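Colleague: Sharing protein-v3.txt (compact mmCIF, N, CA and C atoms) below.
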# COMPACT_ATOMS: atom_id res chain seq x y z
N MET A 177 -22.68 -17.80 -12.65
CA MET A 177 -22.28 -18.29 -13.96
C MET A 177 -20.77 -18.14 -14.16
N LEU A 178 -20.18 -17.13 -13.62
CA LEU A 178 -18.75 -16.91 -13.74
C LEU A 178 -17.97 -18.06 -13.12
N LYS A 179 -18.50 -18.64 -12.01
CA LYS A 179 -17.82 -19.77 -11.37
C LYS A 179 -17.73 -20.96 -12.33
N HIS A 180 -18.75 -21.21 -13.08
CA HIS A 180 -18.79 -22.36 -13.98
C HIS A 180 -17.77 -22.24 -15.11
N VAL A 181 -17.48 -21.03 -15.55
CA VAL A 181 -16.50 -20.81 -16.61
C VAL A 181 -15.09 -20.81 -16.04
N PHE A 182 -14.93 -20.19 -14.88
CA PHE A 182 -13.60 -20.03 -14.28
C PHE A 182 -12.99 -21.35 -13.84
N ILE A 183 -13.74 -22.22 -13.19
CA ILE A 183 -13.20 -23.47 -12.65
C ILE A 183 -12.72 -24.40 -13.75
N PRO A 184 -13.50 -24.68 -14.81
CA PRO A 184 -12.98 -25.55 -15.87
C PRO A 184 -11.75 -24.95 -16.55
N THR A 185 -11.73 -23.65 -16.74
CA THR A 185 -10.57 -22.99 -17.35
C THR A 185 -9.35 -23.18 -16.47
N LEU A 186 -9.50 -23.03 -15.18
CA LEU A 186 -8.39 -23.21 -14.25
C LEU A 186 -7.87 -24.64 -14.29
N VAL A 187 -8.78 -25.61 -14.35
CA VAL A 187 -8.38 -27.02 -14.42
C VAL A 187 -7.60 -27.29 -15.71
N ILE A 188 -8.06 -26.78 -16.83
CA ILE A 188 -7.38 -26.98 -18.11
C ILE A 188 -5.99 -26.35 -18.07
N LEU A 189 -5.89 -25.13 -17.57
CA LEU A 189 -4.60 -24.45 -17.50
C LEU A 189 -3.63 -25.19 -16.59
N SER A 190 -4.07 -25.64 -15.44
CA SER A 190 -3.16 -26.33 -14.52
C SER A 190 -2.71 -27.66 -15.09
N THR A 191 -3.58 -28.36 -15.81
CA THR A 191 -3.21 -29.63 -16.43
C THR A 191 -2.18 -29.41 -17.52
N SER A 192 -2.40 -28.41 -18.35
CA SER A 192 -1.44 -28.17 -19.44
C SER A 192 -0.11 -27.66 -18.90
N MET A 193 -0.11 -26.92 -17.84
CA MET A 193 1.14 -26.42 -17.26
C MET A 193 1.95 -27.57 -16.66
N GLN A 194 1.29 -28.59 -16.10
CA GLN A 194 2.01 -29.72 -15.55
C GLN A 194 2.81 -30.42 -16.62
N GLY A 195 2.22 -30.62 -17.78
CA GLY A 195 2.92 -31.27 -18.88
C GLY A 195 4.14 -30.47 -19.31
N CYS A 196 4.01 -29.14 -19.37
CA CYS A 196 5.15 -28.31 -19.78
C CYS A 196 6.29 -28.43 -18.80
N GLY A 197 5.98 -28.43 -17.52
CA GLY A 197 7.04 -28.53 -16.52
C GLY A 197 7.78 -29.85 -16.62
N GLN A 198 7.07 -30.94 -16.86
CA GLN A 198 7.72 -32.23 -16.97
C GLN A 198 8.60 -32.29 -18.21
N LYS A 199 8.12 -31.75 -19.31
CA LYS A 199 8.92 -31.77 -20.53
C LYS A 199 10.18 -30.94 -20.33
N GLN A 200 10.06 -29.79 -19.70
CA GLN A 200 11.21 -28.92 -19.47
C GLN A 200 12.26 -29.63 -18.61
N GLU A 201 11.82 -30.36 -17.58
CA GLU A 201 12.78 -31.08 -16.76
C GLU A 201 13.55 -32.09 -17.58
N MET A 202 12.90 -32.79 -18.50
CA MET A 202 13.58 -33.79 -19.31
C MET A 202 14.61 -33.13 -20.22
N VAL A 203 14.29 -31.97 -20.76
CA VAL A 203 15.20 -31.28 -21.68
C VAL A 203 16.42 -30.76 -20.93
N ASP A 204 16.21 -30.20 -19.72
CA ASP A 204 17.29 -29.55 -19.01
C ASP A 204 18.09 -30.46 -18.09
N SER A 205 17.66 -31.69 -17.90
CA SER A 205 18.30 -32.57 -16.93
C SER A 205 19.66 -33.05 -17.43
N PRO A 206 20.76 -32.66 -16.74
CA PRO A 206 22.08 -33.11 -17.19
C PRO A 206 22.33 -34.57 -16.89
N THR A 207 21.48 -35.20 -16.07
CA THR A 207 21.71 -36.60 -15.73
C THR A 207 21.09 -37.54 -16.74
N SER A 208 20.27 -37.02 -17.65
CA SER A 208 19.66 -37.89 -18.65
C SER A 208 19.91 -37.33 -20.04
N PRO A 209 21.15 -37.50 -20.55
CA PRO A 209 21.44 -36.93 -21.87
C PRO A 209 20.57 -37.57 -22.94
N SER A 210 20.22 -36.76 -23.91
CA SER A 210 19.38 -37.23 -25.00
C SER A 210 20.27 -37.79 -26.10
N VAL A 211 20.64 -39.04 -25.96
CA VAL A 211 21.48 -39.69 -26.97
C VAL A 211 20.57 -40.43 -27.93
N PRO A 212 20.70 -40.18 -29.22
CA PRO A 212 19.79 -40.78 -30.19
C PRO A 212 19.99 -42.28 -30.36
N GLU A 213 18.95 -42.91 -30.88
CA GLU A 213 19.03 -44.32 -31.21
C GLU A 213 20.01 -44.50 -32.36
N GLU A 214 20.52 -45.71 -32.54
CA GLU A 214 21.49 -45.96 -33.61
C GLU A 214 20.94 -45.60 -34.98
N SER A 215 19.65 -45.78 -35.19
CA SER A 215 19.09 -45.59 -36.52
C SER A 215 18.70 -44.14 -36.82
N SER A 216 18.64 -43.29 -35.79
CA SER A 216 18.22 -41.92 -36.03
C SER A 216 19.42 -41.02 -36.32
N PRO A 217 19.22 -39.97 -37.10
CA PRO A 217 20.34 -39.06 -37.39
C PRO A 217 20.77 -38.36 -36.11
N PHE A 218 22.07 -38.15 -35.98
CA PHE A 218 22.60 -37.54 -34.77
C PHE A 218 22.57 -36.03 -34.87
N ASP A 219 22.07 -35.39 -33.85
CA ASP A 219 22.08 -33.94 -33.76
C ASP A 219 22.98 -33.57 -32.59
N PRO A 220 24.20 -33.10 -32.85
CA PRO A 220 25.13 -32.80 -31.76
C PRO A 220 24.60 -31.75 -30.80
N MET A 221 23.66 -30.94 -31.24
CA MET A 221 23.11 -29.92 -30.38
C MET A 221 22.07 -30.49 -29.41
N SER A 222 21.65 -31.74 -29.62
CA SER A 222 20.62 -32.32 -28.78
C SER A 222 21.16 -32.85 -27.45
N LEU A 223 22.44 -33.07 -27.36
CA LEU A 223 23.00 -33.63 -26.14
C LEU A 223 23.03 -32.61 -25.02
N GLN A 224 22.68 -33.06 -23.83
CA GLN A 224 22.83 -32.24 -22.64
C GLN A 224 24.24 -32.49 -22.11
N LEU A 225 25.04 -31.45 -22.02
CA LEU A 225 26.43 -31.60 -21.63
C LEU A 225 26.65 -31.03 -20.23
N GLU A 226 27.42 -31.76 -19.44
CA GLU A 226 27.61 -31.39 -18.05
C GLU A 226 28.75 -30.42 -17.82
N THR A 227 29.70 -30.36 -18.72
CA THR A 227 30.88 -29.55 -18.46
C THR A 227 31.22 -28.65 -19.64
N ARG A 228 31.95 -27.60 -19.32
CA ARG A 228 32.42 -26.67 -20.35
C ARG A 228 33.31 -27.40 -21.35
N ASP A 229 34.09 -28.37 -20.88
CA ASP A 229 34.97 -29.12 -21.79
C ASP A 229 34.18 -29.88 -22.84
N LEU A 230 33.06 -30.48 -22.46
CA LEU A 230 32.25 -31.19 -23.44
C LEU A 230 31.60 -30.23 -24.43
N VAL A 231 31.22 -29.06 -23.96
CA VAL A 231 30.65 -28.05 -24.86
C VAL A 231 31.72 -27.63 -25.87
N GLU A 232 32.93 -27.39 -25.40
CA GLU A 232 34.02 -27.01 -26.30
C GLU A 232 34.35 -28.16 -27.25
N GLY A 233 34.36 -29.39 -26.73
CA GLY A 233 34.61 -30.57 -27.56
C GLY A 233 33.57 -30.72 -28.66
N ARG A 234 32.31 -30.43 -28.34
CA ARG A 234 31.25 -30.49 -29.34
C ARG A 234 31.51 -29.48 -30.45
N LYS A 235 31.90 -28.27 -30.09
CA LYS A 235 32.16 -27.23 -31.11
C LYS A 235 33.32 -27.67 -32.02
N ILE A 236 34.38 -28.18 -31.43
CA ILE A 236 35.52 -28.66 -32.22
C ILE A 236 35.08 -29.80 -33.13
N TRP A 237 34.30 -30.73 -32.58
CA TRP A 237 33.82 -31.87 -33.37
C TRP A 237 32.99 -31.38 -34.55
N ILE A 238 32.09 -30.43 -34.31
CA ILE A 238 31.24 -29.91 -35.39
C ILE A 238 32.10 -29.27 -36.47
N ASP A 239 33.09 -28.48 -36.07
CA ASP A 239 33.93 -27.75 -37.02
C ASP A 239 34.90 -28.66 -37.79
N THR A 240 35.37 -29.73 -37.16
CA THR A 240 36.43 -30.54 -37.77
C THR A 240 36.03 -31.97 -38.09
N CYS A 241 35.27 -32.60 -37.24
CA CYS A 241 35.06 -34.04 -37.32
C CYS A 241 33.73 -34.48 -37.93
N ALA A 242 32.75 -33.61 -37.87
CA ALA A 242 31.39 -33.99 -38.26
C ALA A 242 31.29 -34.45 -39.71
N ASP A 243 32.08 -33.86 -40.60
CA ASP A 243 31.98 -34.23 -42.01
C ASP A 243 32.10 -35.74 -42.21
N CYS A 244 33.00 -36.37 -41.51
CA CYS A 244 33.19 -37.82 -41.66
C CYS A 244 32.38 -38.64 -40.65
N HIS A 245 32.38 -38.20 -39.40
CA HIS A 245 31.80 -39.02 -38.34
C HIS A 245 30.28 -38.88 -38.19
N LEU A 246 29.67 -37.98 -38.94
CA LEU A 246 28.22 -37.86 -38.87
C LEU A 246 27.55 -38.92 -39.75
N GLU A 247 28.18 -39.24 -40.88
CA GLU A 247 27.57 -40.20 -41.81
C GLU A 247 28.46 -41.39 -42.13
N GLY A 248 29.63 -41.47 -41.49
CA GLY A 248 30.50 -42.61 -41.71
C GLY A 248 31.30 -42.55 -42.99
N LEU A 249 31.61 -41.35 -43.47
CA LEU A 249 32.39 -41.23 -44.70
C LEU A 249 33.75 -41.90 -44.55
N GLY A 250 34.17 -42.59 -45.58
CA GLY A 250 35.47 -43.25 -45.57
C GLY A 250 35.61 -44.32 -44.50
N GLY A 251 34.50 -44.84 -44.04
CA GLY A 251 34.55 -45.89 -43.01
C GLY A 251 34.65 -45.36 -41.60
N ALA A 252 34.51 -44.04 -41.41
CA ALA A 252 34.59 -43.47 -40.06
C ALA A 252 33.44 -43.99 -39.21
N PRO A 253 33.71 -44.31 -37.93
CA PRO A 253 32.63 -44.73 -37.05
C PRO A 253 31.67 -43.56 -36.83
N VAL A 254 30.39 -43.83 -36.91
CA VAL A 254 29.37 -42.80 -36.79
C VAL A 254 29.16 -42.46 -35.32
N ILE A 255 29.21 -41.16 -35.04
CA ILE A 255 29.01 -40.71 -33.66
C ILE A 255 27.64 -41.18 -33.15
N ALA A 256 27.59 -41.55 -31.90
CA ALA A 256 26.39 -42.00 -31.20
C ALA A 256 25.93 -43.39 -31.61
N ASN A 257 26.66 -44.06 -32.50
CA ASN A 257 26.31 -45.42 -32.88
C ASN A 257 27.10 -46.35 -31.96
N LYS A 258 26.41 -46.88 -30.98
CA LYS A 258 27.07 -47.72 -29.97
C LYS A 258 27.82 -48.90 -30.59
N LYS A 259 27.24 -49.47 -31.63
CA LYS A 259 27.88 -50.61 -32.29
C LYS A 259 29.22 -50.20 -32.91
N ASP A 260 29.25 -49.05 -33.57
CA ASP A 260 30.49 -48.56 -34.17
C ASP A 260 31.57 -48.26 -33.13
N TRP A 261 31.17 -47.81 -31.95
CA TRP A 261 32.14 -47.32 -30.98
C TRP A 261 32.50 -48.29 -29.87
N LYS A 262 31.70 -49.32 -29.64
CA LYS A 262 31.92 -50.21 -28.50
C LYS A 262 33.34 -50.77 -28.47
N GLU A 263 33.77 -51.38 -29.55
CA GLU A 263 35.11 -51.99 -29.60
C GLU A 263 36.21 -50.93 -29.45
N ARG A 264 36.00 -49.80 -30.06
CA ARG A 264 36.99 -48.71 -29.97
C ARG A 264 37.10 -48.20 -28.55
N ILE A 265 35.97 -47.98 -27.89
CA ILE A 265 35.96 -47.50 -26.51
C ILE A 265 36.65 -48.50 -25.60
N ASN A 266 36.46 -49.79 -25.86
CA ASN A 266 37.09 -50.83 -25.04
C ASN A 266 38.62 -50.80 -25.12
N LYS A 267 39.17 -50.19 -26.16
CA LYS A 267 40.63 -50.09 -26.29
C LYS A 267 41.22 -49.06 -25.33
N GLY A 268 40.39 -48.19 -24.79
CA GLY A 268 40.84 -47.21 -23.80
C GLY A 268 41.06 -45.83 -24.39
N MET A 269 40.98 -44.85 -23.52
CA MET A 269 41.07 -43.46 -23.95
C MET A 269 42.44 -43.12 -24.53
N GLU A 270 43.51 -43.66 -23.96
CA GLU A 270 44.83 -43.32 -24.49
C GLU A 270 44.99 -43.75 -25.94
N THR A 271 44.44 -44.92 -26.28
CA THR A 271 44.49 -45.38 -27.67
C THR A 271 43.65 -44.47 -28.56
N LEU A 272 42.47 -44.11 -28.10
CA LEU A 272 41.62 -43.22 -28.88
C LEU A 272 42.28 -41.86 -29.09
N TYR A 273 42.87 -41.32 -28.02
CA TYR A 273 43.59 -40.04 -28.15
C TYR A 273 44.74 -40.17 -29.15
N SER A 274 45.49 -41.24 -29.03
CA SER A 274 46.65 -41.46 -29.91
C SER A 274 46.21 -41.52 -31.37
N HIS A 275 45.15 -42.27 -31.65
CA HIS A 275 44.67 -42.40 -33.03
C HIS A 275 44.19 -41.06 -33.57
N ALA A 276 43.52 -40.28 -32.73
CA ALA A 276 43.02 -38.98 -33.18
C ALA A 276 44.17 -37.98 -33.38
N LEU A 277 45.16 -38.05 -32.52
CA LEU A 277 46.29 -37.11 -32.61
C LEU A 277 47.26 -37.46 -33.74
N GLU A 278 47.59 -38.73 -33.84
CA GLU A 278 48.65 -39.16 -34.77
C GLU A 278 48.12 -39.72 -36.08
N GLY A 279 46.84 -40.02 -36.12
CA GLY A 279 46.25 -40.65 -37.29
C GLY A 279 46.25 -42.16 -37.13
N PHE A 280 45.46 -42.83 -37.96
CA PHE A 280 45.31 -44.28 -37.82
C PHE A 280 44.75 -44.87 -39.11
N TRP A 281 45.34 -45.96 -39.54
CA TRP A 281 44.79 -46.74 -40.65
C TRP A 281 44.08 -47.93 -40.06
N GLY A 282 42.79 -48.02 -40.27
CA GLY A 282 42.01 -49.15 -39.78
C GLY A 282 41.73 -50.15 -40.88
N ASP A 283 40.95 -51.16 -40.55
CA ASP A 283 40.57 -52.17 -41.54
C ASP A 283 39.67 -51.57 -42.62
N VAL A 284 38.94 -50.52 -42.28
CA VAL A 284 37.95 -49.97 -43.19
C VAL A 284 38.37 -48.63 -43.78
N GLY A 285 39.05 -47.81 -43.02
CA GLY A 285 39.37 -46.47 -43.52
C GLY A 285 40.54 -45.85 -42.77
N GLU A 286 40.68 -44.56 -42.96
CA GLU A 286 41.80 -43.82 -42.38
C GLU A 286 41.28 -42.70 -41.50
N MET A 287 41.97 -42.50 -40.37
CA MET A 287 41.73 -41.36 -39.50
C MET A 287 42.94 -40.45 -39.67
N PRO A 288 42.79 -39.30 -40.32
CA PRO A 288 43.94 -38.41 -40.46
C PRO A 288 44.32 -37.80 -39.12
N SER A 289 45.59 -37.50 -38.93
CA SER A 289 46.01 -36.88 -37.67
C SER A 289 45.24 -35.58 -37.46
N LYS A 290 44.78 -35.40 -36.24
CA LYS A 290 44.01 -34.23 -35.83
C LYS A 290 42.81 -33.98 -36.74
N GLY A 291 42.27 -35.06 -37.27
CA GLY A 291 41.10 -34.95 -38.14
C GLY A 291 41.36 -34.13 -39.39
N GLY A 292 42.63 -34.02 -39.74
CA GLY A 292 42.99 -33.22 -40.91
C GLY A 292 43.12 -31.74 -40.62
N ASN A 293 42.99 -31.36 -39.37
CA ASN A 293 43.08 -29.95 -38.97
C ASN A 293 44.30 -29.77 -38.07
N GLU A 294 45.45 -29.62 -38.68
CA GLU A 294 46.70 -29.53 -37.92
C GLU A 294 46.79 -28.28 -37.04
N ALA A 295 45.88 -27.32 -37.22
CA ALA A 295 45.87 -26.12 -36.38
C ALA A 295 45.36 -26.41 -34.97
N LEU A 296 44.69 -27.57 -34.79
CA LEU A 296 44.18 -27.91 -33.46
C LEU A 296 45.32 -28.26 -32.51
N THR A 297 45.17 -27.87 -31.27
CA THR A 297 46.13 -28.28 -30.24
C THR A 297 45.80 -29.71 -29.82
N ASP A 298 46.74 -30.35 -29.15
CA ASP A 298 46.47 -31.70 -28.63
C ASP A 298 45.28 -31.68 -27.68
N LYS A 299 45.21 -30.64 -26.86
CA LYS A 299 44.11 -30.55 -25.90
C LYS A 299 42.77 -30.45 -26.64
N GLN A 300 42.70 -29.68 -27.71
CA GLN A 300 41.46 -29.55 -28.46
C GLN A 300 41.04 -30.89 -29.09
N VAL A 301 42.00 -31.62 -29.61
CA VAL A 301 41.70 -32.93 -30.19
C VAL A 301 41.14 -33.85 -29.11
N LYS A 302 41.74 -33.83 -27.94
CA LYS A 302 41.27 -34.68 -26.84
C LYS A 302 39.86 -34.28 -26.39
N LEU A 303 39.56 -32.99 -26.40
CA LEU A 303 38.21 -32.54 -26.04
C LEU A 303 37.19 -33.06 -27.06
N ALA A 304 37.54 -33.04 -28.33
CA ALA A 304 36.64 -33.57 -29.37
C ALA A 304 36.43 -35.08 -29.17
N VAL A 305 37.50 -35.80 -28.86
CA VAL A 305 37.39 -37.24 -28.59
C VAL A 305 36.49 -37.47 -27.38
N ASP A 306 36.69 -36.70 -26.33
CA ASP A 306 35.85 -36.84 -25.13
C ASP A 306 34.37 -36.64 -25.47
N PHE A 307 34.08 -35.66 -26.32
CA PHE A 307 32.69 -35.42 -26.73
C PHE A 307 32.14 -36.61 -27.50
N VAL A 308 32.92 -37.13 -28.45
CA VAL A 308 32.47 -38.28 -29.24
C VAL A 308 32.17 -39.47 -28.33
N ILE A 309 33.05 -39.74 -27.39
CA ILE A 309 32.86 -40.87 -26.49
C ILE A 309 31.62 -40.64 -25.61
N HIS A 310 31.46 -39.43 -25.12
CA HIS A 310 30.28 -39.11 -24.32
C HIS A 310 28.99 -39.37 -25.12
N ALA A 311 29.01 -39.00 -26.39
CA ALA A 311 27.83 -39.17 -27.24
C ALA A 311 27.63 -40.61 -27.69
N SER A 312 28.65 -41.43 -27.60
CA SER A 312 28.61 -42.77 -28.20
C SER A 312 28.53 -43.90 -27.19
N LYS A 313 28.54 -43.62 -25.93
CA LYS A 313 28.45 -44.69 -24.93
C LYS A 313 27.04 -45.20 -24.77
Could you quickly redo this structure as structure tokens?
Modeller:
Amino acid sequence: MLKHVFIPTLVILSTSMQGCGQKQEMVDSPTSPSVPEESSPFDPMSLQLETRDLVEGRKIWIDTCADCHLEGLGGAPVIANKKDWKERINKGMETLYSHALEGFWGDVGEMPSKGGNEALTDKQVKLAVDFVIHASK
């Protein structure tokens, strides 16, 4: 009788463990970042980041940039919204860095220099831009 209880239990446990392993691989895989759909709210903590620079850029973005770029305040392009970022990304990284560092008046709104946080170094601003682009491609 013990065999009849043990075998089905073993089958159930092995089946449920397979699902957990697959889910874990999807969460931890740096090659498949979890970038949200345009219509879903962006969670900066959900992205799988490959480098320390992107992790640092995310922290800077959260501390300085998220207020505007999370919901599009003042016409800011929303992070992870491919439509908002496609044209901007096509202008090239140097233009994006320049606009973030020096400020920019667009057709819709204003980007203050260094996101309004003049205490940031140029390198920190560029790391935040790199994170936004990574999340928005």
Colleague: Hey, can you check how far atom CA of A:Asp239 sits from atom CA of A:Thr297?
Modeller: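 We find that atom CA of A:Asp239 and atom CA of A:Thr297 lie 14.0 Å from each other.
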Colleague: Just give me the gap between atom C of A:Val308 and atom N of A:Gly251 in Å, one decimal is fine.
Modeller: 16.8 Å
Colleague: At what distance in Å, to one decimal, does atom CA of A:Glu226 lie from atom CA of A:Met287?
Modeller: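 If I compute the distance from atom CA of A:Met287 to atom CA of A:Glu226, I get 27.5 Å.
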Colleague: Residues of stretch 200-292 of chain A classed as helix (DSSP H, G or I) by DSSP on the backbone are to be reported as a PyMOL selection string.
Modeller: chain A and resi 200-204+220-222+228-245+249-251+258-266+269-278+289-292
Colleague: Between A:Phe307, A:Tyr273, A:Phe218, A:Trp261, which has the minimum distance to A:Trp237 (counting all atoms listed in the file)?
Modeller: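 Closest to A:Trp237 of all the choices is A:Phe307.
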